[in-house]
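Chemist: What follows is the file coords-v3.txt, containing compact mmCIF, C-alpha atoms and all ligand atoms:
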# COMPACT_ATOMS: atom_id res chain seq x y z
CA MET A 1 21.45 58.45 131.72
CA THR A 2 19.52 55.42 132.93
CA GLU A 3 16.56 56.58 130.87
CA PHE A 4 18.83 56.82 127.81
CA PHE A 5 20.04 53.19 128.25
CA GLN A 6 16.48 52.01 128.85
CA SER A 7 15.20 53.54 125.62
CA GLN A 8 18.27 52.15 123.76
CA SER A 9 17.58 48.53 124.92
CA VAL A 10 13.90 48.83 123.93
CA VAL A 11 14.94 49.82 120.40
CA LEU A 12 17.46 46.96 120.22
CA LEU A 13 14.85 44.50 121.45
CA ALA A 14 12.39 45.75 118.84
CA ILE A 15 15.03 45.42 116.09
CA PHE A 16 15.89 41.88 117.27
CA GLY A 17 12.18 40.94 117.33
CA LEU A 18 11.70 42.24 113.80
CA PHE A 19 14.78 40.30 112.67
CA VAL A 20 13.43 37.02 114.15
CA LEU A 21 10.05 37.61 112.50
CA ALA A 22 11.66 38.31 109.11
CA LEU A 23 13.77 35.16 109.42
CA ALA A 24 10.77 33.00 110.27
CA GLY A 25 8.83 34.49 107.32
CA LEU A 26 11.76 33.80 105.01
CA LEU A 27 11.95 30.21 106.17
CA LEU A 28 8.22 29.64 105.68
CA TRP A 29 8.35 31.24 102.22
CA HIS A 30 11.26 29.01 101.25
CA ARG A 31 9.47 25.84 102.42
CA ARG A 32 6.35 26.78 100.53
CA ARG A 33 8.33 27.39 97.34
CA LYS A 34 10.02 24.01 97.72
CA LYS A 35 6.65 22.36 98.08
CA LEU A 36 5.17 24.15 95.07
CA ALA A 37 8.19 23.26 92.97
CA LYS A 38 7.34 19.59 93.58
CA GLY A 39 4.17 20.05 91.54
CA PRO A 40 1.08 17.86 92.12
CA TYR A 41 2.93 15.19 94.07
CA ILE A 42 1.95 14.35 97.59
CA GLU A 43 4.53 13.76 100.26
CA SER A 44 4.93 10.18 101.36
CA SER A 45 3.87 11.15 104.86
CA ASP A 46 0.55 12.29 103.32
CA ILE A 47 0.06 8.88 101.75
CA GLN A 48 0.66 7.24 105.08
CA LYS A 49 -2.05 9.42 106.53
CA THR A 50 -4.63 8.71 103.75
CA PHE A 51 -4.02 5.03 103.07
CA ASP A 52 -1.78 2.42 104.38
CA PRO A 53 -0.42 0.18 101.63
CA SER A 54 0.00 -2.65 104.09
CA ARG A 55 -3.77 -2.84 104.49
CA SER A 56 -5.37 -5.47 102.24
CA GLU A 57 -8.43 -3.20 101.82
CA VAL A 58 -6.44 -1.36 99.16
CA LEU A 59 -6.30 -4.56 97.15
CA LEU A 60 -9.98 -5.23 97.68
CA GLU A 61 -10.88 -1.72 96.58
CA VAL A 62 -9.08 -2.40 93.31
CA THR A 63 -10.73 -5.79 92.85
CA LYS A 64 -14.22 -4.76 94.00
CA ASN A 65 -15.83 -5.11 90.58
CA LEU A 66 -14.03 -8.27 89.47
CA ARG A 67 -16.01 -11.43 88.70
CA GLU A 68 -13.51 -13.40 90.77
CA GLY A 69 -13.86 -13.73 94.52
CA ILE A 70 -10.90 -12.49 96.57
CA LEU A 71 -10.24 -13.67 100.11
CA ILE A 72 -7.30 -12.46 102.18
CA VAL A 73 -6.23 -14.39 105.25
CA GLY A 74 -3.82 -13.17 107.94
CA ARG A 75 -0.97 -15.01 109.62
CA ASP A 76 -3.20 -16.19 112.46
CA MET A 77 -5.54 -17.85 109.91
CA THR A 78 -8.26 -15.26 110.44
CA ILE A 79 -10.02 -13.62 107.50
CA ALA A 80 -8.50 -10.17 106.95
CA SER A 81 -10.68 -9.08 104.00
CA TYR A 82 -12.87 -10.32 101.17
CA ASN A 83 -14.81 -8.83 98.30
CA ASP A 84 -18.55 -9.25 97.64
CA GLN A 85 -17.96 -12.00 95.12
CA ALA A 86 -15.98 -14.06 97.67
CA GLN A 87 -18.79 -13.60 100.15
CA ASN A 88 -21.32 -14.96 97.62
CA ILE A 89 -19.11 -17.91 96.76
CA ILE A 90 -18.45 -18.81 100.39
CA SER A 91 -22.16 -18.75 101.18
CA ARG A 92 -22.77 -20.95 98.10
CA LEU A 93 -20.29 -23.40 99.62
CA ASN A 94 -22.44 -23.35 102.75
CA GLY A 95 -19.94 -21.24 104.66
CA SER A 96 -20.01 -17.73 106.03
CA SER A 97 -17.36 -15.07 105.48
CA GLU A 98 -18.74 -13.24 108.53
CA ARG A 99 -16.81 -15.68 110.71
CA ARG A 100 -13.37 -14.46 111.67
CA ARG A 101 -11.52 -17.76 111.53
CA LEU A 102 -11.03 -19.35 108.11
CA SER A 103 -11.74 -22.82 109.50
CA GLU A 104 -15.15 -21.59 110.66
CA ALA A 105 -15.98 -19.74 107.45
CA VAL A 106 -15.10 -22.52 105.01
CA ARG A 107 -15.32 -26.04 106.35
CA ASP A 108 -13.25 -27.58 103.59
CA LEU A 109 -9.95 -28.97 104.85
CA SER A 110 -8.18 -28.52 101.50
CA VAL A 111 -8.95 -24.76 101.58
CA HIS A 112 -7.51 -24.52 105.06
CA GLU A 113 -4.37 -26.40 104.01
CA ALA A 114 -3.87 -24.23 100.93
CA PHE A 115 -3.92 -21.00 102.96
CA GLU A 116 -1.72 -22.51 105.66
CA LYS A 117 0.87 -23.51 103.06
CA ALA A 118 0.87 -20.03 101.55
CA LEU A 119 1.35 -18.46 105.00
CA THR A 120 3.94 -20.80 106.47
CA VAL A 121 5.91 -22.18 103.50
CA GLY A 122 5.10 -19.33 101.12
CA THR A 123 3.99 -21.60 98.26
CA PHE A 124 1.18 -21.46 95.73
CA SER A 125 -1.61 -24.06 95.63
CA GLU A 126 -4.83 -24.81 93.79
CA VAL A 127 -8.06 -26.35 95.09
CA LYS A 128 -11.20 -27.36 93.21
CA LEU A 129 -14.47 -26.71 94.99
CA GLU A 130 -18.05 -27.42 94.06
CA ASN A 131 -21.48 -27.21 95.56
CA PHE A 132 -24.27 -29.59 94.71
CA GLY A 133 -27.26 -27.44 95.52
CA PRO A 134 -30.17 -26.84 93.13
CA GLU A 135 -27.73 -25.01 90.88
CA ARG A 136 -24.41 -26.84 90.67
CA LYS A 137 -21.40 -24.51 90.70
CA ALA A 138 -17.70 -25.29 90.41
CA PHE A 139 -14.82 -23.06 91.49
CA ASP A 140 -11.11 -23.11 91.10
CA LEU A 141 -9.41 -21.57 94.17
CA ARG A 142 -5.82 -20.42 93.75
CA VAL A 143 -3.99 -19.47 96.92
CA ALA A 144 -0.70 -17.56 97.02
CA PRO A 145 1.38 -15.73 99.63
CA LEU A 146 0.89 -11.97 99.69
CA GLU A 147 3.83 -9.90 100.90
CA ILE A 148 2.70 -6.34 101.51
CA GLY A 149 3.44 -3.78 104.17
CA GLY A 150 6.26 -5.86 105.62
CA GLY A 151 4.05 -8.75 106.76
CA ARG A 152 2.82 -11.90 105.06
CA GLN A 153 -0.79 -12.66 104.33
CA ALA A 154 -2.32 -15.17 101.93
CA ILE A 155 -4.60 -14.29 99.03
CA GLY A 156 -7.12 -16.73 97.58
CA ILE A 157 -8.81 -16.09 94.25
CA PHE A 158 -11.99 -18.00 93.39
CA TYR A 159 -12.63 -18.53 89.66
CA ASP A 160 -16.10 -19.66 88.63
CA ILE A 161 -15.43 -22.54 86.22
CA THR A 162 -19.00 -23.85 85.95
CA GLU A 163 -19.56 -22.65 82.37
CA LEU A 164 -16.08 -23.71 81.30
CA GLU A 165 -16.71 -27.22 82.61
CA ARG A 166 -20.12 -27.37 80.92
CA LEU A 167 -18.60 -26.40 77.56
CA GLU A 168 -15.83 -28.94 78.00
CA LYS A 169 -18.46 -31.63 78.72
CA VAL A 170 -20.47 -30.60 75.62
CA ARG A 171 -17.30 -30.76 73.51
CA ARG A 172 -16.37 -34.20 74.84
CA GLU A 173 -19.88 -35.54 74.28
CA PHE A 174 -19.97 -34.08 70.79
CA LEU A 175 -16.64 -35.66 69.84
CA SER A 176 -17.67 -39.01 71.24
CA ASN A 177 -21.04 -38.83 69.41
CA VAL A 178 -19.38 -37.88 66.12
CA SER A 179 -16.83 -40.70 66.41
CA HIS A 180 -19.57 -43.17 67.21
CA GLU A 181 -21.84 -41.97 64.37
CA LEU A 182 -18.98 -42.18 61.86
CA ARG A 183 -17.72 -45.52 63.08
CA THR A 184 -21.03 -47.31 62.48
CA PRO A 185 -21.26 -46.77 58.68
CA LEU A 186 -17.50 -47.10 58.32
CA THR A 187 -17.49 -50.50 60.03
CA SER A 188 -20.23 -51.61 57.65
CA ILE A 189 -18.33 -50.35 54.58
CA ILE A 190 -15.13 -52.14 55.65
CA ALA A 191 -17.01 -55.39 56.35
CA PHE A 192 -18.72 -55.44 52.95
CA VAL A 193 -15.55 -54.52 51.06
CA GLU A 194 -13.78 -57.42 52.78
CA THR A 195 -16.67 -59.75 51.93
CA LEU A 196 -16.41 -58.75 48.28
CA GLU A 197 -12.63 -59.23 48.34
CA ASP A 198 -13.03 -62.67 49.91
CA GLY A 199 -14.95 -63.94 46.88
CA ALA A 200 -18.36 -62.29 46.93
CA LEU A 201 -17.29 -60.16 43.97
CA GLU A 202 -17.90 -63.19 41.78
CA ASP A 203 -21.23 -63.94 43.48
CA VAL A 204 -23.51 -62.40 40.86
CA ASP A 205 -26.59 -62.94 43.02
CA HIS A 206 -25.30 -60.77 45.90
CA ASN A 207 -22.43 -58.55 44.76
CA ARG A 208 -24.72 -55.69 43.63
CA GLN A 209 -26.61 -55.86 46.89
CA PHE A 210 -23.33 -55.55 48.84
CA LEU A 211 -22.25 -52.60 46.70
CA ASN A 212 -25.61 -51.00 47.42
CA VAL A 213 -25.02 -51.26 51.20
CA ILE A 214 -21.57 -49.71 50.77
CA ARG A 215 -23.03 -46.83 48.77
CA LYS A 216 -25.80 -46.24 51.32
CA ASN A 217 -23.34 -46.10 54.20
CA ALA A 218 -20.96 -43.83 52.30
CA HIS A 219 -23.89 -41.47 51.66
CA ARG A 220 -24.78 -41.54 55.32
CA MET A 221 -21.24 -40.53 56.27
CA HIS A 222 -21.41 -37.77 53.70
CA ARG A 223 -24.70 -36.43 55.11
CA LEU A 224 -23.36 -36.63 58.63
CA ILE A 225 -20.22 -34.68 57.76
CA ASP A 226 -22.31 -32.07 55.92
CA ASP A 227 -24.60 -31.66 58.93
CA ILE A 228 -21.68 -31.46 61.37
CA LEU A 229 -19.99 -28.79 59.26
CA GLU A 230 -23.25 -26.87 58.94
CA LEU A 231 -23.91 -26.99 62.67
CA SER A 232 -20.32 -25.98 63.48
CA SER A 233 -20.54 -23.00 61.12
CA ILE A 234 -23.79 -21.85 62.71
CA GLU A 235 -22.47 -22.29 66.24
CA ALA A 236 -19.22 -20.52 65.40
CA GLY A 237 -21.29 -17.54 64.25
CA LYS A 238 -20.06 -17.92 60.66
CA ILE A 239 -23.57 -17.94 59.24
CA ALA A 240 -25.51 -14.72 59.07
CA VAL A 241 -29.17 -14.66 58.10
CA GLU A 242 -30.53 -11.86 55.94
CA PRO A 243 -34.26 -11.66 56.65
CA ARG A 244 -36.33 -10.12 53.84
CA ASP A 245 -40.01 -9.88 53.09
CA ILE A 246 -40.66 -13.11 51.17
CA GLN A 247 -43.64 -15.03 49.77
CA LEU A 248 -44.22 -18.20 51.76
CA PHE A 249 -46.45 -20.20 49.38
CA PRO A 250 -43.91 -20.76 46.54
CA LEU A 251 -41.19 -21.61 49.05
CA VAL A 252 -43.32 -24.33 50.69
CA ARG A 253 -44.33 -25.59 47.22
CA GLU A 254 -40.67 -26.00 46.26
CA VAL A 255 -39.82 -27.92 49.47
CA SER A 256 -42.87 -30.18 48.94
CA VAL A 257 -41.90 -30.90 45.32
CA ASN A 258 -38.37 -31.85 46.42
CA LEU A 259 -39.78 -34.35 48.91
CA ALA A 260 -42.57 -35.67 46.64
CA ALA A 261 -40.70 -38.84 45.66
CA LYS A 262 -39.90 -39.73 49.26
CA ALA A 263 -43.50 -39.02 50.31
CA GLY A 264 -44.74 -41.04 47.34
CA ASP A 265 -42.80 -44.13 48.49
CA LYS A 266 -44.92 -44.10 51.65
CA GLN A 267 -48.03 -42.75 49.98
CA VAL A 268 -47.91 -39.74 52.27
CA THR A 269 -49.82 -36.67 51.06
CA ILE A 270 -48.22 -33.24 51.52
CA LYS A 271 -50.72 -30.37 51.75
CA ASN A 272 -49.59 -26.80 51.25
CA GLU A 273 -52.25 -24.83 53.13
CA ILE A 274 -50.47 -21.49 52.92
CA SER A 275 -52.50 -18.67 51.44
CA PRO A 276 -50.82 -17.44 48.20
CA ASP A 277 -50.51 -13.86 49.49
CA THR A 278 -48.78 -14.75 52.81
CA ARG A 279 -45.50 -12.94 53.31
CA VAL A 280 -43.02 -13.54 56.13
CA ARG A 281 -39.73 -11.95 57.14
CA ALA A 282 -37.00 -14.54 56.70
CA ASP A 283 -33.82 -15.50 54.92
CA ALA A 284 -35.35 -17.52 52.06
CA PHE A 285 -32.49 -20.01 51.81
CA ARG A 286 -32.41 -20.66 55.56
CA LEU A 287 -36.19 -20.93 55.86
CA GLU A 288 -36.17 -23.48 53.04
CA GLN A 289 -33.50 -25.42 54.94
CA MET A 290 -35.61 -25.39 58.14
CA LEU A 291 -38.78 -26.47 56.33
CA THR A 292 -36.92 -29.20 54.44
CA ASN A 293 -35.71 -30.68 57.74
CA LEU A 294 -39.16 -30.54 59.34
CA LEU A 295 -41.00 -31.87 56.30
CA ASP A 296 -38.45 -34.61 55.77
CA ASN A 297 -39.02 -35.77 59.38
CA ALA A 298 -42.80 -35.43 59.00
CA VAL A 299 -42.65 -37.83 56.02
CA LYS A 300 -40.00 -40.12 57.53
CA PHE A 301 -41.80 -40.66 60.84
CA ASN A 302 -45.25 -40.83 59.26
CA ARG A 303 -47.39 -43.92 58.75
CA GLU A 304 -48.24 -45.37 55.34
CA LYS A 305 -50.87 -43.22 53.60
CA GLY A 306 -50.41 -40.53 56.23
CA GLU A 307 -50.62 -36.79 55.81
CA VAL A 308 -48.39 -33.75 56.26
CA SER A 309 -49.79 -30.22 56.17
CA ILE A 310 -48.12 -26.83 56.30
CA CYS A 311 -50.10 -23.78 57.41
CA HIS A 312 -49.45 -20.25 58.60
CA GLU A 313 -50.97 -17.94 61.19
CA ARG A 314 -50.05 -14.56 62.59
CA HIS A 315 -49.94 -14.34 66.36
CA ASN A 316 -48.80 -11.51 68.66
CA GLY A 317 -46.74 -9.86 65.94
CA SER A 318 -45.02 -13.11 64.92
CA ASP A 319 -45.46 -15.42 61.94
CA LEU A 320 -46.08 -19.02 62.94
CA ILE A 321 -45.49 -21.76 60.38
CA HIS A 322 -46.91 -25.12 61.51
CA VAL A 323 -45.81 -28.46 60.06
CA THR A 324 -48.35 -31.09 61.16
CA ASP A 325 -48.07 -34.83 60.59
CA THR A 326 -50.21 -37.86 61.29
CA GLY A 327 -47.17 -39.96 62.20
CA GLU A 328 -46.02 -41.96 65.19
CA GLY A 329 -45.72 -38.90 67.45
CA ILE A 330 -43.22 -38.41 70.26
CA SER A 331 -43.85 -39.38 73.85
CA GLU A 332 -43.59 -36.68 76.48
CA GLU A 333 -40.32 -37.74 78.10
CA HIS A 334 -38.39 -37.06 74.87
CA LEU A 335 -39.78 -33.60 74.19
CA PRO A 336 -37.46 -31.51 76.43
CA ARG A 337 -34.31 -32.90 74.74
CA LEU A 338 -35.59 -33.27 71.19
CA PHE A 339 -33.69 -30.27 69.77
CA GLU A 340 -30.33 -31.36 71.24
CA ARG A 341 -27.72 -32.59 68.80
CA PHE A 342 -27.76 -36.35 68.21
CA TYR A 343 -30.84 -36.79 70.39
CA ARG A 344 -33.17 -39.39 68.88
CA THR A 345 -36.12 -41.22 70.35
CA ASP A 346 -34.96 -44.40 68.63
CA LYS A 347 -31.35 -44.34 67.44
CA ALA A 348 -31.39 -47.52 65.37
CA ARG A 349 -34.61 -46.51 63.63
CA SER A 350 -33.32 -43.02 62.87
CA ARG A 351 -30.17 -44.53 61.34
CA ASP A 352 -32.19 -47.00 59.26
CA LEU A 353 -34.17 -44.08 57.92
CA GLY A 354 -30.94 -42.30 56.98
CA GLY A 355 -31.07 -39.73 59.80
CA THR A 356 -28.08 -37.98 61.35
CA GLY A 357 -29.78 -36.76 64.53
CA LEU A 358 -28.68 -33.21 63.76
CA GLY A 359 -31.62 -31.92 61.71
CA LEU A 360 -33.65 -30.46 64.58
CA ALA A 361 -30.57 -28.91 66.22
CA ILE A 362 -29.88 -27.11 62.93
CA VAL A 363 -33.52 -25.92 62.72
CA LYS A 364 -33.33 -24.61 66.30
CA HIS A 365 -30.15 -22.61 65.59
CA LEU A 366 -31.49 -21.20 62.33
CA ALA A 367 -34.79 -20.15 63.94
CA ARG A 368 -32.85 -18.41 66.72
CA LEU A 369 -30.63 -16.66 64.20
CA HIS A 370 -33.86 -15.12 62.90
CA GLY A 371 -34.70 -13.98 66.42
CA GLY A 372 -37.38 -16.67 66.52
CA GLU A 373 -37.82 -20.17 67.90
CA VAL A 374 -38.94 -23.69 66.98
CA THR A 375 -41.31 -25.63 69.22
CA VAL A 376 -43.10 -28.96 69.17
CA VAL A 377 -46.39 -30.31 70.43
CA SER A 378 -46.76 -34.05 70.05
CA GLU A 379 -48.59 -37.07 71.27
CA ALA A 380 -47.43 -40.66 70.82
CA GLU A 381 -49.36 -42.58 68.15
CA LYS A 382 -51.24 -39.43 67.11
CA GLY A 383 -48.70 -37.20 65.37
CA SER A 384 -46.73 -34.01 65.88
CA VAL A 385 -46.90 -30.29 65.16
CA PHE A 386 -43.59 -28.48 64.75
CA THR A 387 -43.87 -24.68 64.71
CA ILE A 388 -41.34 -22.18 63.42
CA GLU A 389 -41.90 -18.75 64.95
CA LEU A 390 -40.50 -15.77 63.05
CA PRO A 391 -40.72 -12.21 64.40
CA ARG A 392 -42.27 -9.69 62.01
P1 LIG A 401 -32.95 -37.40 62.46
O1 LIG A 401 -31.82 -37.30 61.53
O2 LIG A 401 -32.90 -38.62 63.32
O3 LIG A 401 -34.28 -37.19 61.83
P2 LIG A 401 -33.55 -34.96 63.80
O4 LIG A 401 -32.71 -34.07 64.60
O5 LIG A 401 -34.19 -34.38 62.61
O6 LIG A 401 -32.68 -36.21 63.47
O7 LIG A 401 -34.69 -35.53 64.74
C1 LIG A 401 -34.34 -36.05 65.99
C2 LIG A 401 -35.33 -37.10 66.44
O8 LIG A 401 -36.59 -36.49 66.73
C3 LIG A 401 -35.64 -38.15 65.42
O9 LIG A 401 -34.68 -39.17 65.42
C4 LIG A 401 -37.00 -38.66 65.90
O10 LIG A 401 -36.79 -39.54 66.98
C5 LIG A 401 -37.65 -37.39 66.45
N1 LIG A 401 -38.53 -36.73 65.47
C6 LIG A 401 -38.26 -35.63 64.73
N2 LIG A 401 -39.32 -35.27 63.98
C7 LIG A 401 -40.30 -36.17 64.24
C8 LIG A 401 -41.64 -36.34 63.80
N3 LIG A 401 -42.20 -35.52 62.93
N4 LIG A 401 -42.35 -37.38 64.31
C9 LIG A 401 -41.81 -38.21 65.21
N5 LIG A 401 -40.54 -38.10 65.68
C10 LIG A 401 -39.79 -37.10 65.21
Let me see the file written as structure tokens.
Ligand code: ADP
Modeler:
Amino acid sequence: MTEFFQSQSVVLLAIFGLFVLALAGLLLWHRRRKKLAKGPYIESSDIQKTFDPSRSEVLLEVTKNLREGILIVGRDMTIASYNDQAQNIISRLNGSSERRRLSEAVRDLSVHEAFEKALTVGTFSEVKLENFGPERKAFDLRVAPLEIGGGRQAIGIFYDITELERLEKVRREFLSNVSHELRTPLTSIIAFVETLEDGALEDVDHNRQFLNVIRKNAHRMHRLIDDILELSSIEAGKIAVEPRDIQLFPLVREVSVNLAAKAGDKQVTIKNEISPDTRVRADAFRLEQMLTNLLDNAVKFNREKGEVSICHERHNGSDLIHVTDTGEGISEEHLPRLFERFYRTDKARSRDLGGTGLGLAIVKHLARLHGGEVTVVSEAEKGSVFTIELPR
């Protein structure tokens, strides 16, 4: 009897065990199905394990390849994170992002204050920073509070504004130069018109002379406006050159003929020393424009009975066109800035000779549009050689 009950309880135990196992299997199967039904999503607990959104590294990972520097500072004013760009900028500002405390890394009080404000008051601020090393750089630092992961940090973004400032300076200088250049002939025109109105109109000995001055100044304004428009079009990329294989000799002959009267006034001889079979790769119209500017200067700044010659040589796969004059030359200190707009060695003299100060800047841009360059070698009192280099 006892044996019977013993065998009965073993069977019951086995059945109960099997039942528990089946139930556990069912539960596991159900959980797995639920998980699969969710598709490719990851459970939030998984995210917590892989990355913590409260960590500012996540932000830095996203901004790793930005041009802007990113610096994140914690509540205790210690540097929490920064990207490579921020590290470069801080070292440019003679600081070190390796230091933990912000005050040690960047020794600029305004930077410290900006981060402090973002952390304590929660407001946005902007600071301008610059370094005056061998290469001047300017940065705009914008600091804002950063609320992530339940705590507050402060994020600073450094924008490199060096190029922007340079362009702004160029624009300001250009505007001031243009206004000045236009004002000079305009003042003269107004003065002579008023003189004529005040009675000089009846002065038969001088009225024509006054009208002549007015005409000359009006022409100067016209030339200036033409040159400004031309330069603006080139710089705005509106002018495209179409280089073709062209004959150089007839082109130089045409430019020389156009300037013959002007050269004749000064008894300057223009020599076309180009061989008749020379061919270069250039946009004919633009090359004519460049040569006209160079030849015009070579005549203008020449001495009485001087000489201008144009020759060609091939060098290292490029065509070099040299315009040589026997004029007053240019002293060394002016050479580095000679191709800048409105740069003149003698402003008053250039104006008297009808110059705008833009000719060489136009030549430089046109040569570069051809993939080439314009250069000058000159010596005061001896003369100058301007060379247009055109790639083959
Ligand atoms: P500009 O209208 O005054 O001629 P450019 O841009 O053509 O303006 O030339 C700028 C300045 O470069 C001139 O004012 C002059 O001082 C100098 N320059 C240019 N070409 C010559 C040259 N062949 N000989 C001497 N000085 C020159």
Chemist: I'd like the contact shell of Arg341 (chain A) - 8 Å cut-off, all atoms listed in the file, skipping same-chain residues fewer than 4 positions apart - returned as a PyMOL selection string.
Modeler: chain A and resi 357-358+360-361
Chemist: Would you name the residues within 6 Å of ligand LIG 401 (chain A), counting only C-alpha atoms and all ligand atoms, and put them as number ranges by chain?
Modeler: A: 297-298, 301, 327-330, 338, 343-346, 350, 355-361, 384
Chemist: So what do you get for CA of Leu119 (chain A) versus CA of Gly74 (chain A), distance-wise?
Modeler: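 These two atoms are separated by 8.0 Å.
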Chemist: Write out as a list in words the residues lying within 6 Å of Thr324 (chain A), counting only C-alpha atoms and excluding same-chain residues fewer than 4 positions away.
Modeler: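 Close residues of Thr324 (chain A): Val308, Ser309, Ser384 and Val385 of chain A.
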Chemist: For region 282-284 of chain A, work out the shell of residues within 6 Å, counting only C-alpha atoms and skipping chain neighbours fewer than 5 positions away, then give it as a short mmCIF file (atom, residue, chain, number, x, y, z; two decimals) with C-alpha atoms, keeping the file's coordinate frame.
Modeler:
data_model
loop_
_atom_site.label_atom_id
_atom_site.label_comp_id
_atom_site.auth_asym_id
_atom_site.auth_seq_id
_atom_site.Cartn_x
_atom_site.Cartn_y
_atom_site.Cartn_z
CA VAL A 241 -29.17 -14.66 58.10
CA GLU A 242 -30.53 -11.86 55.94
CA PRO A 243 -34.26 -11.66 56.65
CA ARG A 244 -36.33 -10.12 53.84
#
Chemist: Mind pulling up the distance from CA of Gly354 (chain A) to CA of Ala191 (chain A)?
Modeler: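 Result for CA of Ala191 (chain A) versus CA of Gly354 (chain A): 19.1 Å, one decimal.
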Chemist: Would you list the residues near (-24.3, -38.5, 57.7), meaning any protein, DNA or RNA residue with an atom at most 10 Å from that point in file coordinates, counting only C-alpha atoms, as a PDB file with C-alpha atoms, in the coordinates of the input?
Modeler:
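The result, stored in selection-v9.pdb:
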ATOM      1  CA  VAL A 178     -19.380 -37.880  66.120  1.00  0.00           C
ATOM      2  CA  GLU A 181     -21.840 -41.970  64.370  1.00  0.00           C
ATOM      3  CA  LEU A 182     -18.980 -42.180  61.860  1.00  0.00           C
ATOM      4  CA  PRO A 185     -21.260 -46.770  58.680  1.00  0.00           C
ATOM      5  CA  ASN A 217     -23.340 -46.100  54.200  1.00  0.00           C
ATOM      6  CA  ALA A 218     -20.960 -43.830  52.300  1.00  0.00           C
ATOM      7  CA  HIS A 219     -23.890 -41.470  51.660  1.00  0.00           C
ATOM      8  CA  ARG A 220     -24.780 -41.540  55.320  1.00  0.00           C
ATOM      9  CA  MET A 221     -21.240 -40.530  56.270  1.00  0.00           C
ATOM     10  CA  HIS A 222     -21.410 -37.770  53.700  1.00  0.00           C
ATOM     11  CA  ARG A 223     -24.700 -36.430  55.110  1.00  0.00           C
ATOM     12  CA  LEU A 224     -23.360 -36.630  58.630  1.00  0.00           C
ATOM     13  CA  ILE A 225     -20.220 -34.680  57.760  1.00  0.00           C
ATOM     14  CA  ASP A 226     -22.310 -32.070  55.920  1.00  0.00           C
ATOM     15  CA  ASP A 227     -24.600 -31.660  58.930  1.00  0.00           C
ATOM     16  CA  ILE A 228     -21.680 -31.460  61.370  1.00  0.00           C
ATOM     17  CA  ARG A 351     -30.170 -44.530  61.340  1.00  0.00           C
ATOM     18  CA  GLY A 354     -30.940 -42.300  56.980  1.00  0.00           C
ATOM     19  CA  GLY A 355     -31.070 -39.730  59.800  1.00  0.00           C
ATOM     20  CA  THR A 356     -28.080 -37.980  61.350  1.00  0.00           C
ATOM     21  CA  GLY A 357     -29.780 -36.760  64.530  1.00  0.00           C
ATOM     22  CA  LEU A 358     -28.680 -33.210  63.760  1.00  0.00           C
TER      23      LEU A 358
END
